[in-house]
Amino acid sequence: MIDLPVTTRRVSGTRLLDLCQARGIASPVDPFMGLPMHLNALKRHGIAVHGGDLLEWFVRAGEGLVVNDFTILRESEVAEVVEMLPGRIYPNDLFRAWEGVFFSEDQCRYLGVWHANVHALRSDGQTGLAIAGLWHVLCHWLLKARYPDDLVDVPPSELAWHYIRETERWVIDNGKRNTVRRGDFAATLGRVRADAVYIAPPGRISSAKIDPRVWMWEAWWQGDPYLNVERLYRDKVFGGRTHDDPAYDRAVGEVLAAAEAAPYVEASRPRVETVSPNADEHYLIASR
Ligand SMILES: C[S@@+](CC[C@H](N)C(=O)[O-])C[C@H]1O[C@@H](n2cnc3c(N)ncnc32)[C@H](O)[C@@H]1O
């Protein structure tokens, strides 16, 4: 059994929307975006959004949720993702390493089938939506393993069908060019011009504390159940070196320096405002 955090703290799209609208921010960039549901919410309200992350599956999901304006997965296309297709050869042991540890034999087989089918999809938009939909299957299974009596038993392909069809409601055109990129925060900030930088950086020793679902989904997307996500972060600013306070402070300092060009962000600016909608949420907003 894996240790699932009680809650996964995620930024609320509505909160960000309020913060943007109150200041006339029309194009924020989030260089540590994670799963960009919050950027999708801003996009829905006409804001041009940009994001980046080091993990590939977040970026792929962003191609469906942020960049994509029109493409959905229709019923026949969902069927091509969730079921084993006649005539296609599937490696049936790709995720066998997870069998009995995290998942059942049947679930591992489906993870392999979905991996192959999603990689065969025709557009980046559809691929991103399928990844985001199936991510909810992963979460459902892991929760179900932990609380067997609390969630209904649904066959894998039906569950996948349900969650992928749900992605249709996230597809929206806001008439803007919205972007996501895979890369270090500095690369994202160097390439995107935006009104504001939204920074939710990794916490201390974040690579060791990464939510197991997140590395697992990267491993699934890459087809490597042994993938070591820590390695992806190791040479980066927040990898390995941030165990002590000064190192972490330096890392955050590097982010602020990289964000320097945006009108809203940096703490040494003349106007620094604190917005605390509740005891757990605090936003420091710095502007010129
Ligand atoms: C705190 S989480 C993102 C939170 C996200 N905004 C949310 O609300 O869910 C930090 C993210 O930064 C990414 N990350 C870590 N180091 C990075 C780096 N050097 N450059 C870009 N992204 C990085 C991680 O993969 C992770 O998705």
# chains A, B, ... in the order shown; residues from 1 in each chain; ligands from 1

$ residues_near_ligand --ligand "ligand 1" --cutoff "8 Å" --atoms "only C-alpha atoms and all ligand atoms" --output "ChimeraX atom specification"
/A:9-12,30-36,38,52-55,58,182-186,188,199-203,206-207,233,236-239

$ closest_atom_pairs --of "segment 106-166 of chain A" --to "segment 221-232 of chain A" --cutoff "12 Å" --atoms "only C-alpha atoms" --output "Markdown table"
| residue | atom | partner | partner_atom | distance |
| --- | --- | --- | --- | --- |
| A:Cys108 | CA | A:Pro225 | CA | 10.5 |
| A:Leu111 | CA | A:Gly223 | CA | 9.4 |
| A:Gly112 | CA | A:Gly223 | CA | 8.0 |
| A:Val113 | CA | A:Gly223 | CA | 10.9 |
| A:Trp114 | CA | A:Trp221 | CA | 9.5 |
| A:His115 | CA | A:Trp221 | CA | 6.5 |
| A:Ala116 | CA | A:Gly223 | CA | 8.9 |
| A:Asn117 | CA | A:Trp221 | CA | 11.2 |
| A:Val118 | CA | A:Trp221 | CA | 8.9 |
| A:His119 | CA | A:Trp221 | CA | 8.5 |
| A:Thr127 | CA | A:Trp221 | CA | 10.6 |
| A:Gly128 | CA | A:Trp221 | CA | 10.9 |
| A:Ala130 | CA | A:Trp221 | CA | 11.0 |
| A:Ile131 | CA | A:Trp221 | CA | 8.1 |
| A:Ala132 | CA | A:Trp221 | CA | 11.1 |
| A:Leu134 | CA | A:Trp221 | CA | 10.6 |
| A:Trp135 | CA | A:Trp221 | CA | 10.3 |

$ select_by_dssp --residues "segment 25-194 of chain A" --states "alpha helix (DSSP H)" --output "VMD selection string"
chain A and resid 37 to 44 56 to 62 75 to 82 105 to 119 124 to 146 156 to 166 185 to 191

$ write_last_selection --atoms "C-alpha atoms" --output "PDB file, in the first residue's frame"
ATOM      1  CA  MET A  37      -6.467  22.761 -13.997  1.00  0.00           C
ATOM      2  CA  HIS A  38      -6.058  26.253 -12.543  1.00  0.00           C
ATOM      3  CA  LEU A  39      -4.749  27.555 -15.878  1.00  0.00           C
ATOM      4  CA  ASN A  40      -7.702  25.912 -17.589  1.00  0.00           C
ATOM      5  CA  ALA A  41     -10.040  27.776 -15.238  1.00  0.00           C
ATOM      6  CA  LEU A  42      -8.354  31.108 -16.015  1.00  0.00           C
ATOM      7  CA  LYS A  43      -8.462  30.355 -19.731  1.00  0.00           C
ATOM      8  CA  ARG A  44     -12.202  29.820 -19.451  1.00  0.00           C
ATOM      9  CA  GLU A  56       6.382  15.597 -19.101  1.00  0.00           C
ATOM     10  CA  TRP A  57       2.913  14.304 -18.246  1.00  0.00           C
ATOM     11  CA  PHE A  58       1.896  17.654 -16.748  1.00  0.00           C
ATOM     12  CA  VAL A  59       2.949  19.352 -19.968  1.00  0.00           C
ATOM     13  CA  ARG A  60       1.167  16.803 -22.148  1.00  0.00           C
ATOM     14  CA  ALA A  61      -1.973  17.232 -20.044  1.00  0.00           C
ATOM     15  CA  GLY A  62      -1.542  20.975 -20.546  1.00  0.00           C
ATOM     16  CA  GLU A  75     -17.217   8.331 -28.209  1.00  0.00           C
ATOM     17  CA  SER A  76     -15.579   6.253 -30.946  1.00  0.00           C
ATOM     18  CA  GLU A  77     -12.193   7.763 -30.104  1.00  0.00           C
ATOM     19  CA  VAL A  78     -12.601   7.076 -26.399  1.00  0.00           C
ATOM     20  CA  ALA A  79     -13.352   3.462 -27.299  1.00  0.00           C
ATOM     21  CA  GLU A  80      -9.998   3.356 -29.103  1.00  0.00           C
ATOM     22  CA  VAL A  81      -8.274   4.349 -25.886  1.00  0.00           C
ATOM     23  CA  VAL A  82      -9.990   2.288 -23.234  1.00  0.00           C
ATOM     24  CA  GLU A 105      -3.014  -8.002 -12.466  1.00  0.00           C
ATOM     25  CA  ASP A 106      -6.016  -6.746 -14.426  1.00  0.00           C
ATOM     26  CA  GLN A 107      -5.255  -3.103 -13.623  1.00  0.00           C
ATOM     27  CA  CYS A 108      -1.610  -3.541 -14.713  1.00  0.00           C
ATOM     28  CA  ARG A 109      -2.775  -5.060 -17.994  1.00  0.00           C
ATOM     29  CA  TYR A 110      -5.059  -2.079 -18.629  1.00  0.00           C
ATOM     30  CA  LEU A 111      -2.281   0.373 -17.759  1.00  0.00           C
ATOM     31  CA  GLY A 112      -0.229  -1.255 -20.534  1.00  0.00           C
ATOM     32  CA  VAL A 113      -3.113  -1.144 -23.019  1.00  0.00           C
ATOM     33  CA  TRP A 114      -3.878   2.502 -22.261  1.00  0.00           C
ATOM     34  CA  HIS A 115      -0.206   3.407 -22.476  1.00  0.00           C
ATOM     35  CA  ALA A 116      -0.062   1.986 -26.014  1.00  0.00           C
ATOM     36  CA  ASN A 117      -3.424   3.400 -27.120  1.00  0.00           C
ATOM     37  CA  VAL A 118      -2.800   6.910 -25.807  1.00  0.00           C
ATOM     38  CA  HIS A 119       0.586   7.007 -27.526  1.00  0.00           C
ATOM     39  CA  ASP A 124      -1.551  16.493 -28.937  1.00  0.00           C
ATOM     40  CA  GLY A 125      -4.896  17.836 -27.715  1.00  0.00           C
ATOM     41  CA  GLN A 126      -6.496  14.406 -27.604  1.00  0.00           C
ATOM     42  CA  THR A 127      -3.415  12.860 -26.040  1.00  0.00           C
ATOM     43  CA  GLY A 128      -3.440  15.487 -23.302  1.00  0.00           C
ATOM     44  CA  LEU A 129      -7.123  14.985 -22.551  1.00  0.00           C
ATOM     45  CA  ALA A 130      -6.713  11.207 -22.392  1.00  0.00           C
ATOM     46  CA  ILE A 131      -3.781  11.561 -19.985  1.00  0.00           C
ATOM     47  CA  ALA A 132      -5.810  13.905 -17.769  1.00  0.00           C
ATOM     48  CA  GLY A 133      -8.865  11.617 -17.860  1.00  0.00           C
ATOM     49  CA  LEU A 134      -6.905   8.464 -17.082  1.00  0.00           C
ATOM     50  CA  TRP A 135      -5.102  10.248 -14.266  1.00  0.00           C
ATOM     51  CA  HIS A 136      -8.437  10.225 -12.454  1.00  0.00           C
ATOM     52  CA  VAL A 137      -8.651   6.460 -12.946  1.00  0.00           C
ATOM     53  CA  LEU A 138      -5.255   6.119 -11.283  1.00  0.00           C
ATOM     54  CA  CYS A 139      -6.406   8.263  -8.362  1.00  0.00           C
ATOM     55  CA  HIS A 140      -9.661   6.299  -8.134  1.00  0.00           C
ATOM     56  CA  TRP A 141      -7.857   2.940  -8.012  1.00  0.00           C
ATOM     57  CA  LEU A 142      -5.393   4.050  -5.372  1.00  0.00           C
ATOM     58  CA  LEU A 143      -8.149   5.485  -3.210  1.00  0.00           C
ATOM     59  CA  LYS A 144     -10.186   2.343  -3.700  1.00  0.00           C
ATOM     60  CA  ALA A 145      -7.235   0.211  -2.567  1.00  0.00           C
ATOM     61  CA  ARG A 146      -7.047   2.297   0.554  1.00  0.00           C
ATOM     62  CA  PRO A 156     -11.434  -0.582 -15.716  1.00  0.00           C
ATOM     63  CA  SER A 157     -12.584   0.252 -19.234  1.00  0.00           C
ATOM     64  CA  GLU A 158     -15.885   1.656 -17.973  1.00  0.00           C
ATOM     65  CA  LEU A 159     -14.121   3.798 -15.399  1.00  0.00           C
ATOM     66  CA  ALA A 160     -11.697   5.044 -18.045  1.00  0.00           C
ATOM     67  CA  TRP A 161     -14.590   5.746 -20.403  1.00  0.00           C
ATOM     68  CA  HIS A 162     -16.333   7.816 -17.779  1.00  0.00           C
ATOM     69  CA  TYR A 163     -13.318   9.928 -16.845  1.00  0.00           C
ATOM     70  CA  ILE A 164     -12.144  10.516 -20.415  1.00  0.00           C
ATOM     71  CA  ARG A 165     -15.610  11.584 -21.575  1.00  0.00           C
ATOM     72  CA  GLU A 166     -15.617  14.066 -18.687  1.00  0.00           C
ATOM     73  CA  PHE A 185      11.319  27.599 -14.604  1.00  0.00           C
ATOM     74  CA  ALA A 186      14.128  29.816 -15.921  1.00  0.00           C
ATOM     75  CA  ALA A 187      13.583  28.572 -19.484  1.00  0.00           C
ATOM     76  CA  THR A 188       9.834  29.173 -19.239  1.00  0.00           C
ATOM     77  CA  LEU A 189      10.249  32.655 -17.804  1.00  0.00           C
ATOM     78  CA  GLY A 190      12.887  33.474 -20.401  1.00  0.00           C
ATOM     79  CA  ARG A 191      10.578  32.625 -23.276  1.00  0.00           C
TER      80      ARG A 191
END

$ residues_around --residues "Asp195 of chain A" --least-positions-apart "6" --cutoff "12 Å" --atoms "only C-alpha atoms" --output "list in words"
Cys20, Arg23, Gly24, Ile25, Ala26, Ser27, Pro28, Val29, Asp30, Ile47, Ala48, Val49, His50, Leu189, Ala259, Glu260, Ala261, Ala262, Pro263, Tyr264, Val265, Ser287 and Arg288 of chain A

$ write_last_selection --atoms "N, CA and C atoms" --output "mmCIF file, in the first residue's frame"
data_model
loop_
_atom_site.group_PDB
_atom_site.id
_atom_site.type_symbol
_atom_site.label_atom_id
_atom_site.label_comp_id
_atom_site.auth_asym_id
_atom_site.auth_seq_id
_atom_site.Cartn_x
_atom_site.Cartn_y
_atom_site.Cartn_z
ATOM 1 N N CYS A 20 -6.289 37.954 -10.285
ATOM 2 C CA CYS A 20 -5.978 38.533 -11.607
ATOM 3 C C CYS A 20 -6.959 39.644 -11.951
ATOM 4 N N ARG A 23 -6.622 43.077 -10.449
ATOM 5 C CA ARG A 23 -5.457 43.871 -10.831
ATOM 6 C C ARG A 23 -5.324 44.051 -12.338
ATOM 7 N N GLY A 24 -6.300 43.612 -13.070
ATOM 8 C CA GLY A 24 -6.230 43.755 -14.527
ATOM 9 C C GLY A 24 -5.138 42.906 -15.159
ATOM 10 N N ILE A 25 -4.812 41.783 -14.522
ATOM 11 C CA ILE A 25 -3.789 40.898 -15.086
ATOM 12 C C ILE A 25 -4.434 40.063 -16.199
ATOM 13 N N ALA A 26 -3.897 40.216 -17.428
ATOM 14 C CA ALA A 26 -4.534 39.536 -18.563
ATOM 15 C C ALA A 26 -3.756 38.316 -19.016
ATOM 16 N N SER A 27 -2.512 38.160 -18.534
ATOM 17 C CA SER A 27 -1.727 37.003 -18.986
ATOM 18 C C SER A 27 -0.703 36.587 -17.937
ATOM 19 N N PRO A 28 -1.060 35.665 -17.058
ATOM 20 C CA PRO A 28 -0.091 35.157 -16.090
ATOM 21 C C PRO A 28 0.697 33.968 -16.645
ATOM 22 N N VAL A 29 1.863 33.751 -16.059
ATOM 23 C CA VAL A 29 2.630 32.543 -16.376
ATOM 24 C C VAL A 29 2.924 31.817 -15.068
ATOM 25 N N ASP A 30 2.768 30.497 -15.090
ATOM 26 C CA ASP A 30 3.067 29.675 -13.913
ATOM 27 C C ASP A 30 4.164 28.688 -14.301
ATOM 28 N N ILE A 47 -8.605 34.759 -19.976
ATOM 29 C CA ILE A 47 -7.231 35.155 -19.659
ATOM 30 C C ILE A 47 -6.258 34.296 -20.473
ATOM 31 N N ALA A 48 -5.232 34.940 -21.034
ATOM 32 C CA ALA A 48 -4.223 34.186 -21.792
ATOM 33 C C ALA A 48 -3.260 33.564 -20.795
ATOM 34 N N VAL A 49 -3.121 32.240 -20.811
ATOM 35 C CA VAL A 49 -2.325 31.589 -19.773
ATOM 36 C C VAL A 49 -1.109 30.866 -20.347
ATOM 37 N N HIS A 50 -0.071 30.816 -19.526
ATOM 38 C CA HIS A 50 1.171 30.142 -19.920
ATOM 39 C C HIS A 50 1.683 29.342 -18.734
ATOM 40 N N LEU A 189 10.336 31.210 -18.026
ATOM 41 C CA LEU A 189 10.249 32.655 -17.804
ATOM 42 C C LEU A 189 11.043 33.428 -18.855
ATOM 43 N N ALA A 259 12.119 35.918 -12.548
ATOM 44 C CA ALA A 259 10.790 36.495 -12.795
ATOM 45 C C ALA A 259 10.839 38.020 -12.855
ATOM 46 N N GLU A 260 12.012 38.578 -12.688
ATOM 47 C CA GLU A 260 12.226 40.017 -12.557
ATOM 48 C C GLU A 260 11.496 40.882 -13.605
ATOM 49 N N ALA A 261 11.430 40.412 -14.842
ATOM 50 C CA ALA A 261 10.896 41.258 -15.909
ATOM 51 C C ALA A 261 9.389 41.501 -15.828
ATOM 52 N N ALA A 262 8.658 40.667 -15.111
ATOM 53 C CA ALA A 262 7.197 40.801 -15.112
ATOM 54 C C ALA A 262 6.752 41.949 -14.195
ATOM 55 N N PRO A 263 5.702 42.670 -14.579
ATOM 56 C CA PRO A 263 5.231 43.780 -13.738
ATOM 57 C C PRO A 263 4.826 43.346 -12.325
ATOM 58 N N TYR A 264 4.246 42.182 -12.197
ATOM 59 C CA TYR A 264 3.846 41.696 -10.882
ATOM 60 C C TYR A 264 4.757 40.581 -10.462
ATOM 61 N N VAL A 265 5.348 40.636 -9.290
ATOM 62 C CA VAL A 265 5.990 39.481 -8.686
ATOM 63 C C VAL A 265 6.955 39.779 -7.561
ATOM 64 N N SER A 287 4.221 44.471 -6.760
ATOM 65 C CA SER A 287 4.079 45.142 -8.051
ATOM 66 C C SER A 287 4.915 46.414 -8.061
ATOM 67 N N ARG A 288 5.070 46.967 -9.263
ATOM 68 C CA ARG A 288 5.913 48.164 -9.386
ATOM 69 C C ARG A 288 5.181 49.405 -8.913
#

$ residues_around --residues "Val275 of chain A" --least-positions-apart "5" --cutoff "7 Å" --atoms "only C-alpha atoms" --output "PyMOL selection string"
chain A and resi 282-284

$ select_by_dssp --residues "segment 117-208 of chain A" --states "strand (DSSP E or B)" --output "number ranges by chain"
A: 179-182, 196-197

$ closest_residue --among "A:Trp220, A:Ala258, A:Thr167, A:Arg15" --to "Arg74 of chain A" --atoms "only C-alpha atoms"
A:Thr167
